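Raw model_7.txt, compact mmCIF, N, CA and C atoms:
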# COMPACT_ATOMS: atom_id res chain seq x y z
N MET R 13 38.17 94.14 42.70
CA MET R 13 38.20 92.74 42.29
C MET R 13 39.18 91.99 43.20
N PRO R 14 38.79 90.80 43.66
CA PRO R 14 39.67 90.05 44.58
C PRO R 14 40.96 89.61 43.91
N LYS R 15 42.01 89.61 44.71
CA LYS R 15 43.31 89.11 44.25
C LYS R 15 43.56 87.69 44.74
N SER R 16 42.61 87.16 45.52
CA SER R 16 42.80 85.83 46.11
C SER R 16 41.81 84.83 45.55
N ILE R 17 42.26 83.58 45.56
CA ILE R 17 41.37 82.48 45.21
C ILE R 17 41.25 81.56 46.41
N ARG R 18 40.12 80.89 46.48
CA ARG R 18 39.88 79.91 47.55
C ARG R 18 39.92 78.54 46.90
N LEU R 19 40.59 77.63 47.56
CA LEU R 19 40.69 76.25 47.09
C LEU R 19 39.96 75.36 48.07
N GLY R 20 39.04 74.59 47.58
CA GLY R 20 38.30 73.66 48.43
C GLY R 20 38.63 72.23 48.06
N ASN R 21 38.37 71.33 48.97
CA ASN R 21 38.60 69.90 48.76
C ASN R 21 40.08 69.58 48.56
N LEU R 22 40.94 70.23 49.34
CA LEU R 22 42.38 69.94 49.27
C LEU R 22 42.69 68.66 50.04
N PRO R 23 43.70 67.91 49.59
CA PRO R 23 44.07 66.70 50.33
C PRO R 23 44.62 67.05 51.71
N ARG R 24 44.37 66.17 52.65
CA ARG R 24 44.82 66.40 54.03
C ARG R 24 46.12 65.67 54.35
N ASP R 25 46.63 64.93 53.38
CA ASP R 25 47.80 64.09 53.66
C ASP R 25 49.08 64.58 52.97
N LEU R 26 49.10 65.82 52.49
CA LEU R 26 50.31 66.38 51.88
C LEU R 26 50.92 67.40 52.83
N PRO R 27 52.02 67.05 53.49
CA PRO R 27 52.60 67.96 54.48
C PRO R 27 53.13 69.27 53.89
N GLU R 28 53.57 69.25 52.65
CA GLU R 28 54.13 70.45 52.00
C GLU R 28 53.16 71.02 50.97
N ILE R 29 51.88 71.06 51.31
CA ILE R 29 50.88 71.48 50.34
C ILE R 29 51.05 72.95 49.93
N GLU R 30 51.48 73.80 50.86
CA GLU R 30 51.69 75.22 50.51
C GLU R 30 52.74 75.36 49.40
N THR R 31 53.82 74.59 49.51
CA THR R 31 54.87 74.62 48.50
C THR R 31 54.33 74.15 47.15
N GLU R 32 53.54 73.08 47.15
CA GLU R 32 52.96 72.57 45.91
C GLU R 32 52.04 73.60 45.27
N LEU R 33 51.20 74.23 46.09
CA LEU R 33 50.27 75.23 45.56
C LEU R 33 51.02 76.43 44.99
N ARG R 34 52.06 76.86 45.71
CA ARG R 34 52.85 78.00 45.23
C ARG R 34 53.47 77.68 43.86
N LYS R 35 53.99 76.45 43.71
CA LYS R 35 54.58 76.03 42.44
C LYS R 35 53.55 76.09 41.30
N VAL R 36 52.38 75.55 41.55
CA VAL R 36 51.34 75.49 40.53
C VAL R 36 50.89 76.89 40.12
N PHE R 37 50.60 77.74 41.10
CA PHE R 37 50.00 79.03 40.79
C PHE R 37 51.01 80.09 40.39
N THR R 38 52.28 79.91 40.69
CA THR R 38 53.31 80.85 40.23
C THR R 38 53.44 80.78 38.72
N GLU R 39 53.04 79.65 38.12
CA GLU R 39 53.07 79.54 36.66
C GLU R 39 52.02 80.45 36.01
N ILE R 40 50.99 80.82 36.76
CA ILE R 40 49.95 81.71 36.23
C ILE R 40 50.34 83.17 36.44
N GLY R 41 50.91 83.47 37.60
CA GLY R 41 51.32 84.84 37.88
C GLY R 41 52.02 84.90 39.23
N PRO R 42 52.63 86.06 39.55
CA PRO R 42 53.33 86.20 40.82
C PRO R 42 52.38 86.02 42.01
N VAL R 43 52.79 85.18 42.95
CA VAL R 43 51.98 84.86 44.13
C VAL R 43 52.53 85.62 45.33
N ARG R 44 51.66 86.31 46.04
CA ARG R 44 52.06 87.03 47.25
C ARG R 44 52.06 86.10 48.46
N ASP R 45 51.03 85.25 48.57
CA ASP R 45 50.92 84.43 49.77
C ASP R 45 50.11 83.18 49.49
N VAL R 46 50.42 82.12 50.21
CA VAL R 46 49.64 80.88 50.19
C VAL R 46 49.34 80.54 51.64
N TYR R 47 48.07 80.29 51.93
CA TYR R 47 47.68 79.95 53.30
C TYR R 47 46.76 78.74 53.29
N VAL R 48 47.15 77.70 54.00
CA VAL R 48 46.33 76.50 54.17
C VAL R 48 46.14 76.30 55.67
N PRO R 49 44.91 76.52 56.17
CA PRO R 49 44.67 76.32 57.60
C PRO R 49 44.94 74.87 58.01
N LYS R 50 45.45 74.73 59.22
CA LYS R 50 45.76 73.40 59.74
C LYS R 50 45.24 73.27 61.16
N LYS R 51 44.92 72.06 61.52
CA LYS R 51 44.54 71.75 62.89
C LYS R 51 45.51 70.69 63.37
N LEU R 52 46.25 71.03 64.41
CA LEU R 52 47.29 70.15 64.95
C LEU R 52 48.28 69.74 63.87
N GLY R 53 48.59 70.67 62.97
CA GLY R 53 49.59 70.44 61.94
C GLY R 53 49.10 69.74 60.69
N VAL R 54 47.82 69.41 60.64
CA VAL R 54 47.26 68.69 59.50
C VAL R 54 46.33 69.63 58.72
N PRO R 55 46.51 69.77 57.39
CA PRO R 55 45.61 70.61 56.60
C PRO R 55 44.16 70.18 56.79
N ILE R 56 43.25 71.16 56.84
CA ILE R 56 41.85 70.82 57.09
C ILE R 56 40.98 70.85 55.84
N GLY R 57 41.61 70.94 54.65
CA GLY R 57 40.84 70.73 53.43
C GLY R 57 40.58 71.93 52.55
N TYR R 58 41.01 73.10 52.95
CA TYR R 58 40.85 74.26 52.07
C TYR R 58 42.04 75.20 52.25
N GLY R 59 42.15 76.18 51.35
CA GLY R 59 43.25 77.12 51.44
C GLY R 59 43.04 78.31 50.54
N PHE R 60 43.98 79.22 50.57
CA PHE R 60 43.90 80.46 49.80
C PHE R 60 45.23 80.74 49.13
N VAL R 61 45.16 81.31 47.94
CA VAL R 61 46.33 81.79 47.24
C VAL R 61 46.06 83.25 46.88
N GLU R 62 46.97 84.13 47.27
CA GLU R 62 46.82 85.55 46.94
C GLU R 62 47.85 85.92 45.88
N PHE R 63 47.36 86.49 44.80
CA PHE R 63 48.21 86.95 43.71
C PHE R 63 48.53 88.43 43.90
N LEU R 64 49.55 88.91 43.22
CA LEU R 64 49.87 90.34 43.23
C LEU R 64 48.88 91.12 42.38
N ASP R 65 48.32 90.47 41.36
CA ASP R 65 47.42 91.12 40.42
C ASP R 65 46.08 90.38 40.38
N ALA R 66 44.98 91.13 40.46
CA ALA R 66 43.64 90.53 40.44
C ALA R 66 43.39 89.76 39.14
N ALA R 67 43.96 90.24 38.03
CA ALA R 67 43.75 89.54 36.75
C ALA R 67 44.30 88.12 36.79
N ASP R 68 45.37 87.90 37.54
CA ASP R 68 45.94 86.55 37.67
C ASP R 68 44.99 85.64 38.45
N ALA R 69 44.31 86.19 39.44
CA ALA R 69 43.34 85.40 40.21
C ALA R 69 42.20 84.95 39.31
N VAL R 70 41.70 85.88 38.49
CA VAL R 70 40.61 85.55 37.55
C VAL R 70 41.10 84.51 36.55
N HIS R 71 42.32 84.67 36.06
CA HIS R 71 42.90 83.71 35.11
C HIS R 71 43.01 82.32 35.74
N ALA R 72 43.44 82.26 36.99
CA ALA R 72 43.58 80.97 37.68
C ALA R 72 42.24 80.26 37.80
N VAL R 73 41.20 81.01 38.14
CA VAL R 73 39.87 80.41 38.27
C VAL R 73 39.40 79.89 36.91
N ALA R 74 39.62 80.67 35.87
CA ALA R 74 39.21 80.23 34.52
C ALA R 74 40.01 79.01 34.07
N TYR R 75 41.31 79.03 34.34
CA TYR R 75 42.19 77.93 33.91
C TYR R 75 41.83 76.62 34.61
N PHE R 76 41.50 76.71 35.88
CA PHE R 76 41.18 75.50 36.66
C PHE R 76 39.67 75.37 36.90
N CYS R 77 38.85 75.83 35.94
CA CYS R 77 37.39 75.80 36.13
C CYS R 77 36.85 74.38 36.30
N ARG R 78 37.57 73.39 35.83
CA ARG R 78 37.12 72.00 35.99
C ARG R 78 37.80 71.32 37.16
N GLY R 79 38.53 72.09 37.94
CA GLY R 79 39.19 71.55 39.12
C GLY R 79 40.69 71.43 38.92
N LEU R 80 41.38 71.32 40.03
CA LEU R 80 42.84 71.19 40.05
C LEU R 80 43.17 69.87 40.72
N HIS R 81 43.86 69.00 40.00
CA HIS R 81 44.25 67.71 40.58
C HIS R 81 45.52 67.92 41.40
N ILE R 82 45.41 67.69 42.67
CA ILE R 82 46.57 67.79 43.57
C ILE R 82 46.49 66.62 44.54
N GLY R 83 47.56 65.86 44.59
CA GLY R 83 47.53 64.61 45.35
C GLY R 83 46.50 63.70 44.70
N ASP R 84 45.67 63.08 45.51
CA ASP R 84 44.63 62.21 44.97
C ASP R 84 43.26 62.88 44.98
N MET R 85 43.24 64.21 45.07
CA MET R 85 41.98 64.96 45.16
C MET R 85 41.83 65.89 43.96
N LYS R 86 40.59 66.25 43.70
CA LYS R 86 40.28 67.26 42.69
C LYS R 86 39.76 68.49 43.44
N ALA R 87 40.60 69.50 43.54
CA ALA R 87 40.27 70.69 44.32
C ALA R 87 39.40 71.64 43.51
N ARG R 88 38.49 72.33 44.21
CA ARG R 88 37.69 73.39 43.61
C ARG R 88 38.47 74.69 43.67
N VAL R 89 38.38 75.50 42.64
CA VAL R 89 39.08 76.78 42.58
C VAL R 89 38.04 77.86 42.31
N GLU R 90 37.98 78.87 43.18
CA GLU R 90 37.02 79.96 43.02
C GLU R 90 37.61 81.25 43.57
N LEU R 91 37.07 82.39 43.14
CA LEU R 91 37.55 83.66 43.69
C LEU R 91 37.17 83.74 45.16
N ALA R 92 38.07 84.20 45.97
CA ALA R 92 37.80 84.37 47.40
C ALA R 92 36.98 85.64 47.60
N GLU R 93 36.06 85.58 48.52
CA GLU R 93 35.22 86.74 48.81
C GLU R 93 35.44 87.17 50.25
N GLY R 94 35.16 88.42 50.51
CA GLY R 94 35.27 88.92 51.87
C GLY R 94 36.65 89.48 52.16
N LYS R 95 36.76 90.07 53.34
CA LYS R 95 38.01 90.70 53.75
C LYS R 95 39.00 89.64 54.21
N ARG R 96 40.22 89.81 53.82
CA ARG R 96 41.27 88.88 54.22
C ARG R 96 41.65 89.13 55.67
N ARG R 97 41.82 88.05 56.40
CA ARG R 97 42.26 88.16 57.80
C ARG R 97 43.75 88.43 57.87
N GLN R 98 44.16 89.02 58.95
CA GLN R 98 45.58 89.26 59.18
C GLN R 98 46.24 87.94 59.57
N PRO R 99 47.54 87.77 59.27
CA PRO R 99 48.22 86.51 59.60
C PRO R 99 48.09 86.11 61.06
N GLY R 100 48.15 87.06 61.98
CA GLY R 100 48.02 86.73 63.41
C GLY R 100 46.67 86.13 63.74
N GLU R 101 45.62 86.61 63.09
CA GLU R 101 44.29 86.06 63.32
C GLU R 101 44.20 84.63 62.82
N MET R 102 44.82 84.36 61.67
CA MET R 102 44.76 83.02 61.09
C MET R 102 45.55 82.04 61.94
N VAL R 103 46.72 82.44 62.38
CA VAL R 103 47.55 81.56 63.19
C VAL R 103 46.85 81.23 64.50
N PHE R 104 46.23 82.23 65.11
CA PHE R 104 45.53 82.03 66.38
C PHE R 104 44.40 81.02 66.20
N ARG R 105 43.67 81.11 65.09
CA ARG R 105 42.56 80.20 64.85
C ARG R 105 43.04 78.76 64.68
N ASP R 106 44.25 78.58 64.18
CA ASP R 106 44.78 77.24 63.95
C ASP R 106 45.35 76.58 65.21
N MET R 107 45.44 77.35 66.29
CA MET R 107 46.03 76.80 67.53
C MET R 107 45.06 75.85 68.22
N SER R 108 45.61 74.98 69.01
CA SER R 108 44.78 74.10 69.82
C SER R 108 44.10 74.94 70.91
N PRO R 109 43.01 74.46 71.48
CA PRO R 109 42.33 75.22 72.54
C PRO R 109 43.26 75.55 73.71
N ALA R 110 44.13 74.64 74.09
CA ALA R 110 45.04 74.90 75.21
C ALA R 110 46.01 76.02 74.86
N ALA R 111 46.50 76.03 73.64
CA ALA R 111 47.42 77.08 73.22
C ALA R 111 46.72 78.43 73.18
N ARG R 112 45.45 78.46 72.77
CA ARG R 112 44.69 79.71 72.75
C ARG R 112 44.56 80.28 74.16
N VAL R 113 44.27 79.41 75.13
CA VAL R 113 44.15 79.86 76.52
C VAL R 113 45.47 80.46 76.98
N PHE R 114 46.58 79.80 76.67
CA PHE R 114 47.89 80.30 77.06
C PHE R 114 48.16 81.68 76.44
N VAL R 115 47.87 81.83 75.15
CA VAL R 115 48.13 83.10 74.47
C VAL R 115 47.25 84.20 75.05
N ARG R 116 45.99 83.90 75.31
CA ARG R 116 45.10 84.91 75.90
C ARG R 116 45.61 85.33 77.27
N ALA R 117 46.05 84.36 78.08
CA ALA R 117 46.58 84.68 79.41
C ALA R 117 47.84 85.54 79.30
N LYS R 118 48.70 85.21 78.37
CA LYS R 118 49.92 85.99 78.18
C LYS R 118 49.60 87.42 77.75
N ILE R 119 48.62 87.58 76.88
CA ILE R 119 48.21 88.93 76.45
C ILE R 119 47.70 89.71 77.66
N LEU R 120 46.89 89.09 78.49
CA LEU R 120 46.36 89.77 79.68
C LEU R 120 47.48 90.19 80.62
N VAL R 121 48.45 89.30 80.84
CA VAL R 121 49.58 89.61 81.72
C VAL R 121 50.41 90.74 81.12
N ASP R 122 50.71 90.65 79.84
CA ASP R 122 51.50 91.69 79.18
C ASP R 122 50.81 93.05 79.26
N ASN R 123 49.50 93.06 79.05
CA ASN R 123 48.74 94.31 79.09
C ASN R 123 48.67 94.89 80.50
N SER R 124 48.63 94.02 81.51
CA SER R 124 48.53 94.50 82.89
C SER R 124 49.87 95.08 83.39
N MET R 125 50.96 94.71 82.75
CA MET R 125 52.27 95.20 83.16
C MET R 125 52.62 96.55 82.53
N GLU R 126 51.81 97.00 81.59
CA GLU R 126 52.10 98.28 80.93
C GLU R 126 51.75 99.47 81.79
Structure translated into C-alpha cells:
Amino acid sequence: MPKSIRLGNLPRDLPEIETELRKVFTEIGPVRDVYVPKKLGVPIGYGFVEFLDAADAVHAVAYFCRGLHIGDMKARVELAEGKRRQPGEMVFRDMSPAARVFVRAKILVDNSME
C-alpha cells in the first residue's frame, strides 16, 4: 500500500508551500517528506507528501476527499501510484535546460577522470 499522496491543483504563488503542506499533513500523521516540483523556482501545480505509515496516507485521502483548501485553490488529494523517484532524479528534472547541460557535462568530465 502506498505511503505517499499526490496533490493536484496546488497554487503556484505560495513560495513556502512545502512548509504549509508539512504543517497540514503532520496533523494526520508523521510525515517523512514533502516534494513540490518547481520550474525556475515556481511551483508547477502538484506535489507529493510521504508519510511514515501507509495508514496515514489512506486517512489523509479520506479526510480531504472533497479537496484541501490551500491559498486560493482547492487541491485534489489522492494516493500516489508508481515507484517513487530518488531525490537526485527529481532535482535534475526541476533544473533549467542550461543547468541540465552543465550537470551532464560535469558528469562526463568526472567519469573520464576516473
Exercise. Within 12 Å of Ala92 (chain R), counting only C-alpha atoms, which residues qualify if same-chain residues fewer than 5 places away don't, as a list in words?
Worked result: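 That gives Met13, Pro14, Lys15, Ser16, Ile17, Arg18, Leu19, Gly20, Tyr58, Gly59, Phe60, Val61, Glu62, Phe63, Ala66, Ala69, Val70, Ala72, Val73 and Arg97 of chain R.
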Exercise. In Å, with one decimal, what is the gap from CA of Asp25 (chain R) to CA of Phe76 (chain R)?
Worked result: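 For CA of Asp25 (chain R) relative to CA of Phe76 (chain R), the distance reads 21.5 Å.
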For this session: Determine the nearest neighbour of Gly57 (chain R) from the options R:Arg78, R:Arg44, R:His71, R:Lys86, counting only C-alpha atoms.
Result: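 The answer is R:Lys86, which sits nearest to Gly57 (chain R).
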Using only C-alpha atoms and a cutoff of 10 Å, can you tell me which residues are near (42.3, 72.0, 59.2) in the file's coordinates, and write them out as a PDB file with N, CA and C atoms, in the frame of the given file?
ATOM      1  N   ARG R  24      44.370  66.170  52.650  1.00  0.00           N
ATOM      2  CA  ARG R  24      44.820  66.400  54.030  1.00  0.00           C
ATOM      3  C   ARG R  24      46.120  65.670  54.350  1.00  0.00           C
ATOM      4  N   VAL R  48      47.150  77.700  54.000  1.00  0.00           N
ATOM      5  CA  VAL R  48      46.330  76.500  54.170  1.00  0.00           C
ATOM      6  C   VAL R  48      46.140  76.300  55.670  1.00  0.00           C
ATOM      7  N   PRO R  49      44.910  76.520  56.170  1.00  0.00           N
ATOM      8  CA  PRO R  49      44.670  76.320  57.600  1.00  0.00           C
ATOM      9  C   PRO R  49      44.940  74.870  58.010  1.00  0.00           C
ATOM     10  N   LYS R  50      45.450  74.730  59.220  1.00  0.00           N
ATOM     11  CA  LYS R  50      45.760  73.400  59.740  1.00  0.00           C
ATOM     12  C   LYS R  50      45.240  73.270  61.160  1.00  0.00           C
ATOM     13  N   LYS R  51      44.920  72.060  61.520  1.00  0.00           N
ATOM     14  CA  LYS R  51      44.540  71.750  62.890  1.00  0.00           C
ATOM     15  C   LYS R  51      45.510  70.690  63.370  1.00  0.00           C
ATOM     16  N   LEU R  52      46.250  71.030  64.410  1.00  0.00           N
ATOM     17  CA  LEU R  52      47.290  70.150  64.950  1.00  0.00           C
ATOM     18  C   LEU R  52      48.280  69.740  63.870  1.00  0.00           C
ATOM     19  N   GLY R  53      48.590  70.670  62.970  1.00  0.00           N
ATOM     20  CA  GLY R  53      49.590  70.440  61.940  1.00  0.00           C
ATOM     21  C   GLY R  53      49.100  69.740  60.690  1.00  0.00           C
ATOM     22  N   VAL R  54      47.820  69.410  60.640  1.00  0.00           N
ATOM     23  CA  VAL R  54      47.260  68.690  59.500  1.00  0.00           C
ATOM     24  C   VAL R  54      46.330  69.630  58.720  1.00  0.00           C
ATOM     25  N   PRO R  55      46.510  69.770  57.390  1.00  0.00           N
ATOM     26  CA  PRO R  55      45.610  70.610  56.600  1.00  0.00           C
ATOM     27  C   PRO R  55      44.160  70.180  56.790  1.00  0.00           C
ATOM     28  N   ILE R  56      43.250  71.160  56.840  1.00  0.00           N
ATOM     29  CA  ILE R  56      41.850  70.820  57.090  1.00  0.00           C
ATOM     30  C   ILE R  56      40.980  70.850  55.840  1.00  0.00           C
ATOM     31  N   GLY R  57      41.610  70.940  54.650  1.00  0.00           N
ATOM     32  CA  GLY R  57      40.840  70.730  53.430  1.00  0.00           C
ATOM     33  C   GLY R  57      40.580  71.930  52.550  1.00  0.00           C
ATOM     34  N   TYR R  58      41.010  73.100  52.950  1.00  0.00           N
ATOM     35  CA  TYR R  58      40.850  74.260  52.070  1.00  0.00           C
ATOM     36  C   TYR R  58      42.040  75.200  52.250  1.00  0.00           C
ATOM     37  N   GLY R  59      42.150  76.180  51.350  1.00  0.00           N
ATOM     38  CA  GLY R  59      43.250  77.120  51.440  1.00  0.00           C
ATOM     39  C   GLY R  59      43.040  78.310  50.540  1.00  0.00           C
ATOM     40  N   ARG R 105      43.670  81.110  65.090  1.00  0.00           N
ATOM     41  CA  ARG R 105      42.560  80.200  64.850  1.00  0.00           C
ATOM     42  C   ARG R 105      43.040  78.760  64.680  1.00  0.00           C
ATOM     43  N   ASP R 106      44.250  78.580  64.180  1.00  0.00           N
ATOM     44  CA  ASP R 106      44.780  77.240  63.950  1.00  0.00           C
ATOM     45  C   ASP R 106      45.350  76.580  65.210  1.00  0.00           C
TER      46      ASP R 106
END
For this session: Grab the CA of Asn21 (chain R) to atom N of Met85 (chain R) distance for me, in Å with one decimal place.
Result: 8.2 Å
Exercise. So which one's closest to Pro42 (chain R), R:Leu91, R:Ala67, R:Cys77, R:Ile82? Using only C-alpha atoms, please.
Worked result: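 The answer is R:Ala67, which sits nearest to Pro42 (chain R).
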For this session: Find the distance between atom N of Val89 (chain R) and atom C of Pro27 (chain R) and write it in Å to one decimal.
Result: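 About the pair atom N of Val89 (chain R) and atom C of Pro27 (chain R): they are 19.6 Å apart.
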Exercise. Looking at R:Ile40, R:His81, R:Ala87, R:Arg34, which one is nearest to Asp68 (chain R), with distances taken over only N, CA and C atoms?
Worked result: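 The closest residue to Asp68 (chain R) is R:Ile40.
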